[in-house]
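To be precise, the following lines are start18.cif, and they hold mmCIF, C-alpha atoms.
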data_run
#
loop_
_atom_site.label_atom_id
_atom_site.label_comp_id
_atom_site.auth_asym_id
_atom_site.auth_seq_id
_atom_site.Cartn_x
_atom_site.Cartn_y
_atom_site.Cartn_z
CA MET A 936 24.50 1.01 12.79
CA PRO A 937 26.79 2.49 15.40
CA GLU A 938 30.41 1.46 15.16
CA LYS A 939 31.86 -0.89 17.71
CA PRO A 940 33.33 0.97 20.67
CA ALA A 941 37.12 1.12 20.66
CA GLY A 942 37.52 0.00 24.25
CA THR A 943 35.22 -1.86 26.52
CA LEU A 944 33.51 -1.05 29.77
CA TYR A 945 33.39 -4.69 30.73
CA ARG A 946 36.00 -5.35 33.37
CA GLY A 947 35.78 -9.09 33.71
CA ARG A 948 36.28 -10.87 36.99
CA GLU A 949 33.57 -11.71 39.53
CA GLY A 950 31.51 -8.54 39.10
CA MET A 951 31.02 -8.88 35.35
CA TRP A 952 30.70 -12.64 35.20
CA SER A 953 28.05 -12.78 37.95
CA TRP A 954 26.13 -10.15 35.98
CA VAL A 955 26.42 -12.27 32.81
CA ALA A 956 25.33 -15.41 34.70
CA HIS A 957 22.37 -13.53 36.20
CA ARG A 958 21.25 -12.48 32.70
CA VAL A 959 21.68 -15.90 31.13
CA THR A 960 19.90 -17.75 33.96
CA GLY A 961 17.06 -15.18 34.06
CA PHE A 962 16.58 -15.42 30.29
CA LEU A 963 16.44 -19.24 30.37
CA ILE A 964 14.07 -19.32 33.37
CA PHE A 965 11.69 -16.90 31.60
CA PHE A 966 11.35 -19.16 28.56
CA PHE A 967 10.84 -22.21 30.75
CA LEU A 968 8.11 -20.25 32.56
CA LEU A 969 6.23 -19.65 29.30
CA VAL A 970 6.38 -23.37 28.44
CA HIS A 971 5.50 -24.35 32.01
CA VAL A 972 2.31 -22.23 32.04
CA LEU A 973 1.31 -23.76 28.68
CA ASP A 974 1.86 -27.36 29.80
CA THR A 975 0.07 -26.77 33.13
CA SER A 976 -2.85 -25.25 31.21
CA LEU A 977 -3.57 -28.71 29.80
CA VAL A 978 -5.25 -29.59 33.12
CA ARG A 979 -8.10 -27.48 31.71
CA VAL A 980 -8.27 -29.67 28.58
CA SER A 981 -8.44 -33.14 30.14
CA PRO A 982 -6.65 -35.33 32.71
CA GLU A 983 -5.40 -37.52 29.82
CA ALA A 984 -3.91 -34.57 27.91
CA TYR A 985 -2.11 -33.24 30.99
CA ASN A 986 -0.77 -36.65 32.03
CA ALA A 987 0.51 -37.33 28.50
CA VAL A 988 2.50 -34.09 28.34
CA ILE A 989 3.74 -34.09 31.95
CA GLY A 990 4.95 -37.66 31.27
CA ALA A 991 7.58 -36.10 29.02
CA TYR A 992 9.06 -34.36 32.08
CA LYS A 993 9.75 -37.72 33.72
CA ASN A 994 12.27 -39.20 31.26
CA PRO A 995 15.98 -39.11 32.19
CA VAL A 996 16.95 -36.41 29.66
CA MET A 997 14.29 -34.03 30.99
CA GLY A 998 15.27 -35.05 34.53
CA ILE A 999 18.78 -33.74 33.89
CA GLY A 1000 17.26 -30.61 32.34
CA GLU A 1001 15.16 -30.06 35.49
CA ALA A 1002 18.31 -30.34 37.62
CA GLY A 1003 19.89 -27.63 35.44
CA LEU A 1004 16.76 -25.50 35.67
CA VAL A 1005 16.69 -25.74 39.48
CA ALA A 1006 20.41 -24.87 39.60
CA ALA A 1007 19.73 -21.80 37.40
CA ILE A 1008 16.82 -20.72 39.63
CA VAL A 1009 18.82 -21.21 42.84
CA PHE A 1010 21.77 -19.20 41.48
CA HIS A 1011 19.48 -16.43 40.18
CA ALA A 1012 17.69 -16.28 43.55
CA PHE A 1013 20.82 -16.10 45.73
CA ASN A 1014 22.68 -13.78 43.37
CA GLY A 1015 19.56 -11.58 43.33
CA ILE A 1016 19.90 -11.22 47.09
CA ARG A 1017 23.58 -10.31 46.53
CA VAL A 1018 22.53 -7.65 43.98
CA MET A 1019 20.16 -6.18 46.56
CA LEU A 1020 22.89 -6.14 49.19
CA VAL A 1021 25.21 -4.34 46.74
CA ASP A 1022 22.40 -1.81 46.09
CA PHE A 1023 21.10 -1.20 49.59
CA TRP A 1024 23.80 -2.21 52.09
CA SER A 1025 26.41 0.49 52.72
CA GLN A 1026 29.24 -2.10 52.64
CA GLY A 1027 27.72 -3.94 49.65
CA THR A 1028 30.15 -2.85 46.96
CA ARG A 1029 33.16 -3.55 49.17
CA TYR A 1030 32.06 -7.14 49.79
CA GLN A 1031 30.49 -7.90 46.38
CA ARG A 1032 33.32 -10.28 45.44
CA VAL A 1033 33.18 -12.20 48.73
CA MET A 1034 29.40 -12.31 48.49
CA LEU A 1035 29.61 -13.97 45.06
CA TRP A 1036 31.60 -16.83 46.56
CA VAL A 1037 29.06 -17.06 49.39
CA VAL A 1038 26.36 -17.30 46.69
CA VAL A 1039 28.29 -20.04 44.88
CA GLY A 1040 28.71 -21.90 48.19
CA LEU A 1041 24.99 -21.64 48.96
CA VAL A 1042 24.13 -22.90 45.47
CA VAL A 1043 26.42 -25.92 45.98
CA VAL A 1044 24.87 -26.68 49.40
CA THR A 1045 21.30 -26.30 48.08
CA MET A 1046 22.01 -28.50 45.06
CA ALA A 1047 23.66 -31.08 47.32
CA GLY A 1048 20.34 -31.27 49.15
CA PHE A 1049 18.23 -31.34 45.99
CA LEU A 1050 20.18 -33.45 43.49
CA PRO A 1051 20.33 -36.86 45.27
CA ARG A 1052 16.60 -36.75 45.94
CA HIS A 1053 15.69 -35.59 42.44
CA LEU A 1054 18.04 -37.98 40.64
CA MET A 1055 16.67 -40.88 42.71
CA ASN A 1056 13.15 -39.85 41.68
CA VAL A 1057 14.19 -39.65 38.02
CA PHE A 1058 16.44 -42.73 37.77
CA GLY A 1059 15.24 -44.88 40.68
CA ALA A 1060 12.94 -47.84 40.11
CA HIS A 1061 9.32 -47.37 41.08
CA MET B 699 51.62 29.40 30.65
CA ALA B 700 48.94 27.63 28.69
CA THR B 701 45.52 27.75 30.24
CA VAL B 702 43.51 24.58 30.47
CA THR B 703 40.17 24.93 28.81
CA VAL B 704 37.40 22.57 29.67
CA PRO B 705 34.99 22.25 26.75
CA ALA B 706 31.31 22.62 27.44
CA PRO B 707 29.27 19.43 27.33
CA ARG B 708 28.14 18.67 23.81
CA SER B 709 24.50 18.20 24.71
CA PRO B 710 22.99 20.20 27.54
CA ARG B 711 20.32 18.44 29.56
CA SER B 712 17.08 19.04 27.76
CA THR B 713 14.31 20.78 29.62
CA ARG B 714 12.05 17.89 28.68
CA THR B 715 13.95 15.23 30.63
CA ARG B 716 15.05 17.50 33.44
CA ARG B 717 11.74 18.25 35.03
CA THR B 718 11.68 15.64 37.75
CA THR B 719 13.34 12.46 38.81
CA ARG B 720 10.96 11.78 41.68
CA THR B 721 8.39 9.71 39.83
CA ASN B 722 10.21 7.65 37.28
CA VAL B 723 8.79 4.56 35.59
CA GLU B 724 12.25 3.03 35.16
CA MET B 725 13.02 3.54 38.86
CA LEU B 726 9.72 1.89 39.81
CA GLY B 727 10.61 -1.01 37.51
CA TRP B 728 14.04 -1.27 39.15
CA MET B 729 12.41 -1.31 42.58
CA PHE B 730 9.82 -3.86 41.47
CA MET B 731 12.58 -6.26 40.36
CA ARG B 732 13.99 -6.24 43.90
CA LEU B 733 10.69 -6.47 45.81
CA SER B 734 9.23 -9.18 43.55
CA GLY B 735 12.60 -10.96 43.61
CA VAL B 736 12.42 -11.47 47.37
CA LEU B 737 8.81 -12.69 47.19
CA LEU B 738 9.60 -14.98 44.24
CA LEU B 739 12.47 -16.56 46.15
CA VAL B 740 10.03 -17.67 48.87
CA LEU B 741 7.19 -18.58 46.47
CA ILE B 742 9.35 -20.58 44.03
CA PHE B 743 11.53 -22.36 46.62
CA ALA B 744 8.37 -23.63 48.34
CA HIS B 745 6.88 -24.57 44.94
CA LEU B 746 9.99 -26.56 44.04
CA PHE B 747 10.16 -28.21 47.46
CA VAL B 748 6.53 -29.33 47.47
CA ASN B 749 6.54 -30.50 43.83
CA LEU B 750 10.05 -32.00 43.44
CA MET B 751 11.31 -32.95 46.91
CA VAL B 752 8.29 -34.23 48.86
CA GLY B 753 7.17 -37.80 48.14
CA ASP B 754 8.18 -39.14 44.73
CA GLY B 755 8.92 -35.68 43.32
CA ILE B 756 8.58 -35.28 39.55
CA LYS B 757 7.40 -38.91 39.21
CA ALA B 758 4.30 -38.16 41.32
CA ILE B 759 3.13 -35.16 39.28
CA ASP B 760 -0.04 -35.86 37.33
CA PHE B 761 -3.56 -34.48 36.99
CA ALA B 762 -4.60 -35.84 40.39
CA PHE B 763 -1.62 -34.09 42.05
CA VAL B 764 -2.42 -30.71 40.48
CA ALA B 765 -6.15 -31.10 41.17
CA GLY B 766 -5.39 -31.99 44.78
CA LYS B 767 -3.37 -28.78 45.19
CA TRP B 768 -5.85 -26.48 43.42
CA ALA B 769 -8.75 -27.84 45.45
CA SER B 770 -7.30 -25.54 48.11
CA PRO B 771 -7.61 -21.73 47.78
CA PHE B 772 -4.21 -21.52 49.48
CA TRP B 773 -2.37 -23.04 46.49
CA GLN B 774 -4.61 -21.19 44.02
CA VAL B 775 -3.54 -17.86 45.51
CA TRP B 776 0.08 -19.07 45.84
CA ASP B 777 0.27 -20.06 42.18
CA LEU B 778 -1.57 -16.95 41.02
CA LEU B 779 0.90 -14.70 42.88
CA MET B 780 3.79 -16.70 41.48
CA LEU B 781 2.40 -16.44 37.94
CA TRP B 782 1.87 -12.69 38.01
CA LEU B 783 5.06 -11.75 39.85
CA ALA B 784 7.28 -14.09 37.80
CA MET B 785 5.75 -12.95 34.50
CA ILE B 786 6.16 -9.24 35.28
CA HIS B 787 9.68 -9.83 36.69
CA GLY B 788 10.72 -11.96 33.71
CA THR B 789 9.13 -9.71 31.09
CA ASN B 790 10.85 -6.65 32.54
CA GLY B 791 14.15 -8.54 32.59
CA VAL B 792 13.87 -9.63 28.95
CA ARG B 793 12.79 -6.07 28.02
CA THR B 794 16.06 -4.82 29.53
CA ILE B 795 18.02 -7.42 27.57
CA ILE B 796 16.27 -6.42 24.31
CA ASN B 797 17.00 -2.74 24.99
CA ASP B 798 20.66 -3.58 25.60
CA TYR B 799 21.37 -5.78 22.60
CA ALA B 800 18.87 -4.96 19.82
CA GLU B 801 20.39 -1.85 18.30
CA ARG B 802 17.97 -1.16 15.45
CA ASP B 803 14.67 0.58 16.32
CA GLY B 804 12.70 -1.86 14.16
CA THR B 805 14.25 -4.91 15.78
CA ARG B 806 13.50 -3.60 19.27
CA LEU B 807 9.90 -2.83 18.30
CA VAL B 808 9.33 -6.31 16.87
CA LEU B 809 10.98 -8.14 19.77
CA LYS B 810 9.17 -6.10 22.43
CA THR B 811 5.82 -6.52 20.66
CA LEU B 812 6.35 -10.31 20.69
CA LEU B 813 7.42 -10.15 24.35
CA TYR B 814 4.34 -8.20 25.47
CA LEU B 815 2.10 -10.48 23.41
CA ALA B 816 3.61 -13.53 25.13
CA PHE B 817 3.12 -11.77 28.48
CA VAL B 818 -0.59 -11.08 27.92
CA VAL B 819 -1.34 -14.54 26.50
CA THR B 820 0.52 -16.37 29.30
CA VAL B 821 -0.87 -14.30 32.19
CA VAL B 822 -4.48 -14.40 30.91
CA LEU B 823 -4.30 -18.12 30.12
CA GLY B 824 -2.68 -19.03 33.44
CA THR B 825 -5.12 -16.90 35.47
CA LEU B 826 -8.14 -18.40 33.68
CA VAL B 827 -6.83 -21.93 34.20
CA ILE B 828 -6.32 -21.42 37.95
CA PHE B 829 -9.85 -20.06 38.44
CA THR B 830 -11.94 -22.04 35.93
CA PHE B 831 -10.27 -25.36 36.68
CA GLU B 832 -12.51 -28.28 37.73
CA THR B 833 -10.89 -30.63 40.23
CA CYS B 834 -13.32 -33.47 39.37
CA PRO B 835 -14.27 -33.07 35.69
CA ALA B 836 -17.42 -35.04 34.80
CA GLY B 837 -16.88 -38.07 32.60
CA ALA B 838 -13.14 -38.39 33.26
CA PRO B 839 -11.79 -41.82 34.28
CA THR B 840 -11.90 -41.92 38.09
CA GLU B 841 -8.41 -43.47 38.39
CA LEU B 842 -6.95 -40.24 36.93
CA LEU B 843 -8.72 -38.01 39.46
CA PRO B 844 -7.80 -37.13 43.06
CA SER B 845 -9.19 -39.68 45.51
CA PHE B 846 -11.62 -37.19 47.09
CA CYS B 847 -13.59 -37.04 43.82
CA THR B 848 -15.00 -40.53 44.37
CA GLU B 849 -15.39 -40.45 48.13
#

This structure in structure tokens:
Amino acid sequence: MPEKPAGTLYRGREGMWSWVAHRVTGFLIFFFLLVHVLDTSLVRVSPEAYNAVIGAYKNPVMGIGEAGLVAAIVFHAFNGIRVMLVDFWSQGTRYQRVMLWVVVGLVVVTMAGFLPRHLMNVFGAH
Amino acid sequence: MATVTVPAPRSPRSTRTRRTTRTNVEMLGWMFMRLSGVLLLVLIFAHLFVNLMVGDGIKAIDFAFVAGKWASPFWQVWDLLMLWLAMIHGTNGVRTIINDYAERDGTRLVLKTLLYLAFVVTVVLGTLVIFTFETCPAGAPTELLPSFCTE
């Protein structure tokens, strides 16, 4: 095993933390994707089997989880665009910090559009 | 006056890795992450909007809803593209994470073998389901099927 490095390359602040958040959200989304393909595959078994399992996605606890999942996807998507701008736009590195706050703002706006609707679907009476 | 001596690099570039940097699998992977990322943004945002925002959202998702979508080749192709692009994008991302944090050769081998196994199983299963799916399976209760099955 290599020894722990004496110093650290990680510099903190917006650049590092957005990178950490991109990793964490990407990792979580990937594992949801595996589960999501498996549960959707039940349509091939029978309508009853699919409806029974998808029913689990409709309870309040899962509803909150879905809100978190959508937030993770929205952040990963917008921050991915920021990563591309840092890579390909000549001014990208200069504005990377500002762009992170634009990303955060866009996530807030998108979630403000999504959450009321979704939470009404999850908690509202039908 | 003391002369400043700059030591030679400890490991010269090997002739094996030097040959070319024009065609590079890692560079293609890096490029794929960006291209697929843009496509996935469009594919997944529309997927989330249609499934969670329109109508009763998550409460309206059942067999009839899925069957209604996959009766159309448009959504079959949409979901197939999403499946393949997201699985390659996600698998490559997790591969990078494994390479970064699993320090022992054996650990990396085991984790990546599991990852590639999950990739193959998920992509093959998902692709088969999209294309062998019956919208109106015989013998199923009609109230669970899309309305066009009984019309």

So that each row is one residue of chain A with an atom at most 8 Å from chain B, can you give its shortest atom pair and the distance in Å to one decimal, using all atoms listed in the file, rows by chain and rising number, as a Markdown table?
| residue | atom | partner | partner_atom | distance |
| --- | --- | --- | --- | --- |
| A:Met936 | CA | B:Arg802 | CA | 7.4 |
| A:Arg958 | CA | B:Ile795 | CA | 7.9 |
| A:Gly961 | CA | B:Gly788 | CA | 7.1 |
| A:Phe962 | CA | B:Val792 | CA | 6.5 |
| A:Phe965 | CA | B:Gly788 | CA | 5.5 |
| A:Leu968 | CA | B:Met785 | CA | 7.9 |
| A:Leu969 | CA | B:Thr820 | CA | 6.6 |
| A:Val972 | CA | B:Gly824 | CA | 6.1 |
| A:Leu973 | CA | B:Thr820 | CA | 7.5 |
| A:Ser976 | CA | B:Val827 | CA | 6.0 |
| A:Val978 | CA | B:Phe761 | CA | 6.5 |
| A:Arg979 | CA | B:Phe831 | CA | 5.8 |
| A:Ser981 | CA | B:Ala838 | CA | 7.7 |
| A:Pro982 | CA | B:Phe761 | CA | 5.3 |
| A:Glu983 | CA | B:Leu842 | CA | 7.8 |
| A:Tyr985 | CA | B:Phe761 | CA | 6.3 |
| A:Asn986 | CA | B:Asp760 | CA | 5.4 |
| A:Ile989 | CA | B:Asp760 | CA | 6.8 |
| A:Tyr992 | CA | B:Ile756 | CA | 7.5 |
| A:Lys993 | CA | B:Lys757 | CA | 6.1 |
| A:Ala1012 | CA | B:Leu739 | CA | 5.8 |
| A:Gly1015 | CA | B:Gly735 | CA | 7.0 |
| A:Ile1016 | CA | B:Val736 | CA | 7.5 |
| A:Met1019 | CA | B:Arg732 | CA | 6.7 |
| A:Phe1049 | CA | B:Met751 | CA | 7.2 |
| A:Arg1052 | CA | B:Met751 | CA | 6.6 |
| A:His1053 | CA | B:Leu750 | CA | 6.8 |
| A:Asn1056 | CA | B:Asp754 | CA | 5.9 |
| A:Val1057 | CA | B:Lys757 | CA | 6.9 |

Name the residues that the PyMOL selection byres ((chain A and resi 1004) around 12) picks from the file above, as a ChimeraX atom specification, using the file's chain letters and numbers. /A:959-968,971,997-1003,1005-1011,1046,1049-1050 /B:746

In Å to one decimal, how far is CA of Gly727 (chain B) from CA of Val822 (chain B)?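 Between these atoms lies a distance of 21.2 Å.
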
Grab the CA of Arg1017 (chain A) to CA of Thr721 (chain B) distance for me, in Å with one decimal place.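 Separating CA of Arg1017 (chain A) from CA of Thr721 (chain B) is a distance of 26.0 Å.
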
Report, in Å with one decimal, the straight-line distance from CA of Met725 (chain B) to CA of Val1039 (chain A). 28.7 Å
